[in-house]
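Asks: Before I ask anything, let me first share the structure, which is written out below as structure tokens.
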Amino acid sequence: MNILLATIRRDLLQHVRRPADIVNPLVFFLIVISLFPLGIGPSAGTFNEIAAGVIWVAVLLATLLSIDVMFKSDYEDGALEQMVLSKQPLILVVLGKLIAQWLVSGLLMTLMSPLFALMFFVSSDGILAIAMALLLGTPTMVLLGSIGAALTLGLKNGGVLIAILVLPLYIPVLILGTAMVDAAVGGSSYTGHMLWLGALLLVTIGLAPIATQASIRISLSQ
Amino acid sequence: MVLNTQMNKTMLETQQLTCERNHRFLFQDLSISLNKGEVLQVDGANGAGKSTLLKILAGLYEDFEGEVMWQVEDYPLYIGHKVGVKDAMSARENLMWLADLQATEVSQGDIDSALAKVSLAGYEDVLCGEMSEGQRKRVNLARLFLLHNPVWILDEPFSAIDKEGVACITDRIKEHLSDAGTVILTSHQTVEFPNIQSLTLS
């Protein structure tokens, strides 16, 4: 367990000292969301309808952007080789990297989302639902994305390939997430959606790190 | 115990190791047998497959035929072409992390003395991104003084290292051999070791 905490600490330290990889996707997220109201024009009704969709799509694209570089620098400078040849289980190291990655991408976007929801005139019920949905949905997206990132490590331009590999897997999360917000805004119960998002998260926590560590071994063996 | 170690003197054995890359055989039916306390120096021209062989022996590269059998279960200490230290972390932080990966408890004092051995005293808190190529390589080589893996696999350990550094690393390798350690290395420099086996790939 020690190695899990050490990995989280190591990755957070790097993100703090070299913030570019993390700040770029967040700025992208900010720009996409703040441009929408300008493009659509000031009508509270439309905003309300599209809020959930816009925020979710922006989060999804920003996650894809940030996941692309998740293992890249460790692959290029040889740190990944050392992780594989370690006495510690690789899966704990991978899990630590995933947690650090989520803290600086998914969690930050979740925390920013209520502010944007306000900007789109979403009701207070809806704001809570957006935050809850992102809290459950973003870790799932980071976990799924890491499989694609690990598989495309050896390729020069893996970014597009990651999107093709991973986007289909994101669709259930996207549909459930936006449906949950719509239900909340419409005043009906959204427990069902929340439970489904939670179930998806649990399944990916169980399976994605295994797939990611196997993909890392495959990518290094080329 | 003594009897036991003598009976299990063999550290590494490979059988009919064959590796094909880009439709070309790097090596075919390679059989290696290496004992504790021995060095295997792998020679060959550029592109002959030295690094690939070392990666296969280390357990990194799996696209080969044949068998590699080690007497120990743990992965060896592998130093490859890629330095493996992070630019955004200091020498001390890097070594602490690399020691964590090998499940080795080290104190800050241990790390500082290992850094001093590779003439990096005073650089403990300098970010590796601000160091020269040779210094970064030295940070990685400081692991030889810090960790206790019985097997070392060193791919070009002396590249980018000055004469004094080469002498220091050579002494450390000899010390490791006298402790019944095993070393596999490639080097374009001629170095003298006791119990050396040479393997030339063509």
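By order in the structure tokens, chains are A, B, ...; within a chain, residues start at 1; ligands start at 1, following the order shown.
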Give me, as a ChimeraX atom specification, the residues of chain A touching chain B, with the criterion being at most 12 Å (counting only C-alpha atoms).
Replies: /A:1-19,73-90,92-93,216-222
Asks: Would you put the residues from that selection into a file with C-alpha atoms, as a PDB file, in the first residue's frame?
Replies:
ATOM      1  CA  MET A   1       0.000   0.000   0.000  1.00  0.00           C
ATOM      2  CA  ASN A   2       2.999   2.178   0.694  1.00  0.00           C
ATOM      3  CA  ILE A   3       3.855   2.224  -2.987  1.00  0.00           C
ATOM      4  CA  LEU A   4       0.332   3.376  -3.859  1.00  0.00           C
ATOM      5  CA  LEU A   5       0.710   6.490  -1.714  1.00  0.00           C
ATOM      6  CA  ALA A   6       4.291   7.036  -2.897  1.00  0.00           C
ATOM      7  CA  THR A   7       3.107   6.920  -6.526  1.00  0.00           C
ATOM      8  CA  ILE A   8       0.258   9.355  -5.914  1.00  0.00           C
ATOM      9  CA  ARG A   9       2.677  11.703  -4.177  1.00  0.00           C
ATOM     10  CA  ARG A  10       5.248  11.401  -6.957  1.00  0.00           C
ATOM     11  CA  ASP A  11       2.752  12.115  -9.729  1.00  0.00           C
ATOM     12  CA  LEU A  12       1.110  15.024  -7.921  1.00  0.00           C
ATOM     13  CA  LEU A  13       4.555  16.506  -7.312  1.00  0.00           C
ATOM     14  CA  GLN A  14       5.291  16.344 -11.031  1.00  0.00           C
ATOM     15  CA  HIS A  15       1.939  17.858 -11.945  1.00  0.00           C
ATOM     16  CA  VAL A  16       2.554  20.735  -9.571  1.00  0.00           C
ATOM     17  CA  ARG A  17       6.081  21.368 -10.862  1.00  0.00           C
ATOM     18  CA  ARG A  18       5.251  20.822 -14.554  1.00  0.00           C
ATOM     19  CA  PRO A  19       1.648  22.004 -14.726  1.00  0.00           C
ATOM     20  CA  SER A  73       6.693  10.970 -20.229  1.00  0.00           C
ATOM     21  CA  ASP A  74       7.274   7.863 -18.114  1.00  0.00           C
ATOM     22  CA  TYR A  75       7.520   5.850 -21.315  1.00  0.00           C
ATOM     23  CA  GLU A  76       9.931   8.239 -22.979  1.00  0.00           C
ATOM     24  CA  ASP A  77      12.372   8.683 -20.090  1.00  0.00           C
ATOM     25  CA  GLY A  78      12.416   5.023 -19.060  1.00  0.00           C
ATOM     26  CA  ALA A  79      10.578   5.386 -15.741  1.00  0.00           C
ATOM     27  CA  LEU A  80       7.944   2.947 -16.995  1.00  0.00           C
ATOM     28  CA  GLU A  81      10.607   0.240 -17.486  1.00  0.00           C
ATOM     29  CA  GLN A  82      11.589   0.675 -13.858  1.00  0.00           C
ATOM     30  CA  MET A  83       7.956   0.383 -12.764  1.00  0.00           C
ATOM     31  CA  VAL A  84       7.570  -2.891 -14.645  1.00  0.00           C
ATOM     32  CA  LEU A  85      10.861  -4.290 -13.256  1.00  0.00           C
ATOM     33  CA  SER A  86       9.862  -3.450  -9.722  1.00  0.00           C
ATOM     34  CA  LYS A  87       9.404  -5.677  -6.692  1.00  0.00           C
ATOM     35  CA  GLN A  88       6.055  -3.976  -6.154  1.00  0.00           C
ATOM     36  CA  PRO A  89       2.936  -5.127  -7.980  1.00  0.00           C
ATOM     37  CA  LEU A  90       2.627  -3.061 -11.161  1.00  0.00           C
ATOM     38  CA  LEU A  92      -0.594  -0.704  -7.429  1.00  0.00           C
ATOM     39  CA  VAL A  93       1.714   1.680  -9.280  1.00  0.00           C
ATOM     40  CA  ILE A 216       1.873  -1.371 -20.525  1.00  0.00           C
ATOM     41  CA  ARG A 217       3.768  -4.661 -20.669  1.00  0.00           C
ATOM     42  CA  ILE A 218       2.727  -5.151 -24.291  1.00  0.00           C
ATOM     43  CA  SER A 219       3.753  -1.614 -25.234  1.00  0.00           C
ATOM     44  CA  LEU A 220       7.187  -1.997 -23.609  1.00  0.00           C
ATOM     45  CA  SER A 221       7.747  -5.303 -25.366  1.00  0.00           C
ATOM     46  CA  GLN A 222       7.994  -3.681 -28.786  1.00  0.00           C
TER      47      GLN A 222
END
Asks: Applying 9 Å and only C-alpha atoms, which residues near stretch 118-131 of chain A remain after dropping the ones on its own chain fewer than 3 positions away? List them as number ranges by chain.
Replies: A: 34, 37, 44-52, 55-56, 110-115, 134-136, 177-178, 180-187, 190, 194
Asks: Compile the contact shell of B:Val118 as a list in words: residues with an atom at most 8 Å away, counting only C-alpha atoms, same-chain residues fewer than 4 positions apart removed.
Replies: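 Those residues are Ala114, Arg138, Val139, Leu141, Ala142, Gly165 and Cys168 of chain B.
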Asks: Considering only helix (DSSP H, G or I) as DSSP defines it on the backbone, what residues of stretch 40-159 of chain A qualify? List them as number ranges by chain.
Replies: A: 40, 44-67, 72-76, 79-84, 90-104, 106-119, 124-151, 159
Asks: Name the residues in contact with stretch 37-50 of chain B at a cut-off of 6 Å, using only C-alpha atoms, excluding same-chain residues fewer than 6 positions from it; report them as a PDB file with all heavy atoms, in the first residue's frame.
Replies:
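New file result_6.pdb:
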ATOM      1  N   LEU B  26      18.216 -11.851 -34.857  1.00  0.00           N
ATOM      2  CA  LEU B  26      19.255 -11.179 -34.069  1.00  0.00           C
ATOM      3  C   LEU B  26      20.196 -12.224 -33.495  1.00  0.00           C
ATOM      4  O   LEU B  26      21.406 -12.081 -33.517  1.00  0.00           O
ATOM      5  CB  LEU B  26      18.629 -10.368 -32.939  1.00  0.00           C
ATOM      6  CG  LEU B  26      17.848  -9.135 -33.369  1.00  0.00           C
ATOM      7  CD1 LEU B  26      17.212  -8.482 -32.167  1.00  0.00           C
ATOM      8  CD2 LEU B  26      18.756  -8.148 -34.074  1.00  0.00           C
ATOM      9  N   LEU B 177      30.500  -8.592  -7.370  1.00  0.00           N
ATOM     10  CA  LEU B 177      30.850  -9.949  -7.786  1.00  0.00           C
ATOM     11  C   LEU B 177      31.410 -10.744  -6.619  1.00  0.00           C
ATOM     12  O   LEU B 177      31.103 -11.922  -6.446  1.00  0.00           O
ATOM     13  CB  LEU B 177      31.870  -9.904  -8.921  1.00  0.00           C
ATOM     14  CG  LEU B 177      31.366  -9.319 -10.238  1.00  0.00           C
ATOM     15  CD1 LEU B 177      32.521  -9.150 -11.204  1.00  0.00           C
ATOM     16  CD2 LEU B 177      30.290 -10.209 -10.830  1.00  0.00           C
ATOM     17  N   ALA B 180      29.072 -12.558  -4.400  1.00  0.00           N
ATOM     18  CA  ALA B 180      28.295 -13.571  -5.123  1.00  0.00           C
ATOM     19  C   ALA B 180      27.178 -12.975  -5.953  1.00  0.00           C
ATOM     20  O   ALA B 180      26.168 -13.616  -6.218  1.00  0.00           O
ATOM     21  CB  ALA B 180      27.744 -14.634  -4.175  1.00  0.00           C
ATOM     22  N   GLY B 181      27.331 -11.721  -6.362  1.00  0.00           N
ATOM     23  CA  GLY B 181      26.353 -11.114  -7.267  1.00  0.00           C
ATOM     24  C   GLY B 181      26.633 -11.518  -8.705  1.00  0.00           C
ATOM     25  O   GLY B 181      27.682 -12.082  -9.013  1.00  0.00           O
ATOM     26  N   THR B 182      25.696 -11.237  -9.565  1.00  0.00           N
ATOM     27  CA  THR B 182      25.849 -11.573 -10.981  1.00  0.00           C
ATOM     28  C   THR B 182      25.627 -10.320 -11.802  1.00  0.00           C
ATOM     29  O   THR B 182      24.725  -9.539 -11.498  1.00  0.00           O
ATOM     30  CB  THR B 182      24.815 -12.641 -11.383  1.00  0.00           C
ATOM     31  OG1 THR B 182      24.945 -13.736 -10.503  1.00  0.00           O
ATOM     32  CG2 THR B 182      25.014 -13.090 -12.810  1.00  0.00           C
ATOM     33  N   VAL B 183      26.457 -10.115 -12.817  1.00  0.00           N
ATOM     34  CA  VAL B 183      26.333  -8.904 -13.627  1.00  0.00           C
ATOM     35  C   VAL B 183      26.324  -9.268 -15.112  1.00  0.00           C
ATOM     36  O   VAL B 183      27.113 -10.098 -15.552  1.00  0.00           O
ATOM     37  CB  VAL B 183      27.502  -7.929 -13.353  1.00  0.00           C
ATOM     38  CG1 VAL B 183      27.373  -6.679 -14.213  1.00  0.00           C
ATOM     39  CG2 VAL B 183      27.561  -7.551 -11.881  1.00  0.00           C
ATOM     40  N   ILE B 184      25.397  -8.668 -15.835  1.00  0.00           N
ATOM     41  CA  ILE B 184      25.402  -8.805 -17.295  1.00  0.00           C
ATOM     42  C   ILE B 184      25.533  -7.402 -17.849  1.00  0.00           C
ATOM     43  O   ILE B 184      24.765  -6.525 -17.458  1.00  0.00           O
ATOM     44  CB  ILE B 184      24.094  -9.451 -17.789  1.00  0.00           C
ATOM     45  CG1 ILE B 184      23.936 -10.831 -17.165  1.00  0.00           C
ATOM     46  CG2 ILE B 184      24.085  -9.543 -19.310  1.00  0.00           C
ATOM     47  CD1 ILE B 184      22.615 -11.468 -17.457  1.00  0.00           C
ATOM     48  N   LEU B 185      26.512  -7.163 -18.704  1.00  0.00           N
ATOM     49  CA  LEU B 185      26.659  -5.803 -19.199  1.00  0.00           C
ATOM     50  C   LEU B 185      27.090  -5.754 -20.651  1.00  0.00           C
ATOM     51  O   LEU B 185      27.640  -6.708 -21.189  1.00  0.00           O
ATOM     52  CB  LEU B 185      27.615  -5.000 -18.310  1.00  0.00           C
ATOM     53  CG  LEU B 185      29.079  -5.407 -18.151  1.00  0.00           C
ATOM     54  CD1 LEU B 185      29.930  -4.842 -19.261  1.00  0.00           C
ATOM     55  CD2 LEU B 185      29.605  -4.891 -16.833  1.00  0.00           C
ATOM     56  N   THR B 186      26.805  -4.617 -21.265  1.00  0.00           N
ATOM     57  CA  THR B 186      27.357  -4.332 -22.580  1.00  0.00           C
ATOM     58  C   THR B 186      28.193  -3.081 -22.416  1.00  0.00           C
ATOM     59  O   THR B 186      27.868  -2.221 -21.604  1.00  0.00           O
ATOM     60  CB  THR B 186      26.271  -4.007 -23.615  1.00  0.00           C
ATOM     61  OG1 THR B 186      25.623  -2.801 -23.213  1.00  0.00           O
ATOM     62  CG2 THR B 186      25.262  -5.105 -23.739  1.00  0.00           C
ATOM     63  N   ASN B 195      36.471 -13.549 -13.478  1.00  0.00           N
ATOM     64  CA  ASN B 195      35.341 -14.426 -13.850  1.00  0.00           C
ATOM     65  C   ASN B 195      34.482 -13.848 -14.964  1.00  0.00           C
ATOM     66  O   ASN B 195      33.270 -13.805 -14.855  1.00  0.00           O
ATOM     67  CB  ASN B 195      34.403 -14.699 -12.664  1.00  0.00           C
ATOM     68  CG  ASN B 195      35.149 -15.111 -11.434  1.00  0.00           C
ATOM     69  OD1 ASN B 195      36.188 -15.754 -11.537  1.00  0.00           O
ATOM     70  ND2 ASN B 195      34.634 -14.753 -10.277  1.00  0.00           N
ATOM     71  N   ILE B 196      35.117 -13.401 -16.026  1.00  0.00           N
ATOM     72  CA  ILE B 196      34.313 -12.773 -17.081  1.00  0.00           C
ATOM     73  C   ILE B 196      34.030 -13.769 -18.200  1.00  0.00           C
ATOM     74  O   ILE B 196      34.864 -14.597 -18.552  1.00  0.00           O
ATOM     75  CB  ILE B 196      35.025 -11.509 -17.628  1.00  0.00           C
ATOM     76  CG1 ILE B 196      34.068 -10.703 -18.486  1.00  0.00           C
ATOM     77  CG2 ILE B 196      36.274 -11.863 -18.417  1.00  0.00           C
ATOM     78  CD1 ILE B 196      34.514  -9.271 -18.685  1.00  0.00           C
ATOM     79  N   GLN B 197      32.802 -13.746 -18.678  1.00  0.00           N
ATOM     80  CA  GLN B 197      32.422 -14.531 -19.858  1.00  0.00           C
ATOM     81  C   GLN B 197      32.117 -13.549 -20.955  1.00  0.00           C
ATOM     82  O   GLN B 197      31.471 -12.543 -20.707  1.00  0.00           O
ATOM     83  CB  GLN B 197      31.129 -15.290 -19.587  1.00  0.00           C
ATOM     84  CG  GLN B 197      31.250 -16.626 -18.931  1.00  0.00           C
ATOM     85  CD  GLN B 197      29.907 -17.353 -19.016  1.00  0.00           C
ATOM     86  OE1 GLN B 197      29.294 -17.429 -20.071  1.00  0.00           O
ATOM     87  NE2 GLN B 197      29.467 -17.885 -17.889  1.00  0.00           N
ATOM     88  N   SER B 198      32.560 -13.846 -22.153  1.00  0.00           N
ATOM     89  CA  SER B 198      32.235 -12.940 -23.245  1.00  0.00           C
ATOM     90  C   SER B 198      31.298 -13.611 -24.226  1.00  0.00           C
ATOM     91  O   SER B 198      31.392 -14.811 -24.462  1.00  0.00           O
ATOM     92  CB  SER B 198      33.504 -12.508 -23.989  1.00  0.00           C
ATOM     93  OG  SER B 198      34.100 -11.460 -23.285  1.00  0.00           O
ATOM     94  N   LEU B 199      30.399 -12.817 -24.761  1.00  0.00           N
ATOM     95  CA  LEU B 199      29.468 -13.333 -25.755  1.00  0.00           C
ATOM     96  C   LEU B 199      29.423 -12.308 -26.870  1.00  0.00           C
ATOM     97  O   LEU B 199      29.177 -11.140 -26.624  1.00  0.00           O
ATOM     98  CB  LEU B 199      28.086 -13.493 -25.117  1.00  0.00           C
ATOM     99  CG  LEU B 199      26.941 -13.845 -26.052  1.00  0.00           C
ATOM    100  CD1 LEU B 199      27.062 -15.290 -26.481  1.00  0.00           C
ATOM    101  CD2 LEU B 199      25.609 -13.630 -25.357  1.00  0.00           C
ATOM    102  N   THR B 200      29.735 -12.753 -28.080  1.00  0.00           N
ATOM    103  CA  THR B 200      29.729 -11.796 -29.187  1.00  0.00           C
ATOM    104  C   THR B 200      28.571 -12.106 -30.114  1.00  0.00           C
ATOM    105  O   THR B 200      28.449 -13.223 -30.613  1.00  0.00           O
ATOM    106  CB  THR B 200      31.057 -11.844 -29.953  1.00  0.00           C
ATOM    107  OG1 THR B 200      32.112 -11.664 -28.999  1.00  0.00           O
ATOM    108  CG2 THR B 200      31.132 -10.738 -30.975  1.00  0.00           C
ATOM    109  N   LEU B 201      27.726 -11.132 -30.298  1.00  0.00           N
ATOM    110  CA  LEU B 201      26.596 -11.291 -31.219  1.00  0.00           C
ATOM    111  C   LEU B 201      27.016 -10.780 -32.590  1.00  0.00           C
ATOM    112  O   LEU B 201      27.695  -9.768 -32.684  1.00  0.00           O
ATOM    113  CB  LEU B 201      25.388 -10.487 -30.722  1.00  0.00           C
ATOM    114  CG  LEU B 201      24.817 -10.861 -29.372  1.00  0.00           C
ATOM    115  CD1 LEU B 201      23.680  -9.931 -29.025  1.00  0.00           C
ATOM    116  CD2 LEU B 201      24.330 -12.297 -29.355  1.00  0.00           C
ATOM    117  N   SER B 202      26.627 -11.506 -33.625  1.00  0.00           N
ATOM    118  CA  SER B 202      27.007 -11.014 -34.956  1.00  0.00           C
ATOM    119  C   SER B 202      25.781 -10.973 -35.863  1.00  0.00           C
ATOM    120  O   SER B 202      24.797 -11.616 -35.611  1.00  0.00           O
ATOM    121  CB  SER B 202      28.069 -11.906 -35.559  1.00  0.00           C
ATOM    122  OG  SER B 202      27.631 -13.238 -35.516  1.00  0.00           O
TER     123      SER B 202
END
Asks: Can you pull out every residue within 8 Å of A:Val173, counting only C-alpha atoms, but drop anything in the same chain fewer than 5 positions away, and send it as a PyMOL selection string?
Replies: chain A and resi 137+140-141+197+200
Asks: Skip B:Ser31 itself and residues of its chain fewer than 2 positions away, then list as number ranges by chain all residues within 7 Å of it, counting only C-alpha atoms.
Replies: B: 14-17, 29, 33
Asks: Between B:Lys163, B:His176, B:Arg92, B:Arg24, which residue has the minimum interatomic distance to B:Val126, considering only C-alpha atoms?
Replies: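 Smallest distance to B:Val126 is found for B:Arg92.
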Asks: Could you tell me how far atom CA of B:Pro194 lies from atom CA of B:Leu54, in Å and to one decimal?
Replies: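 We find that atom CA of B:Pro194 and atom CA of B:Leu54 lie 20.7 Å from each other.
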Asks: Report the distance between atom CA of B:Asp112 and atom CA of B:Gly129 in Å, rounded to one decimal place.
Replies: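 The value is 18.6 Å.
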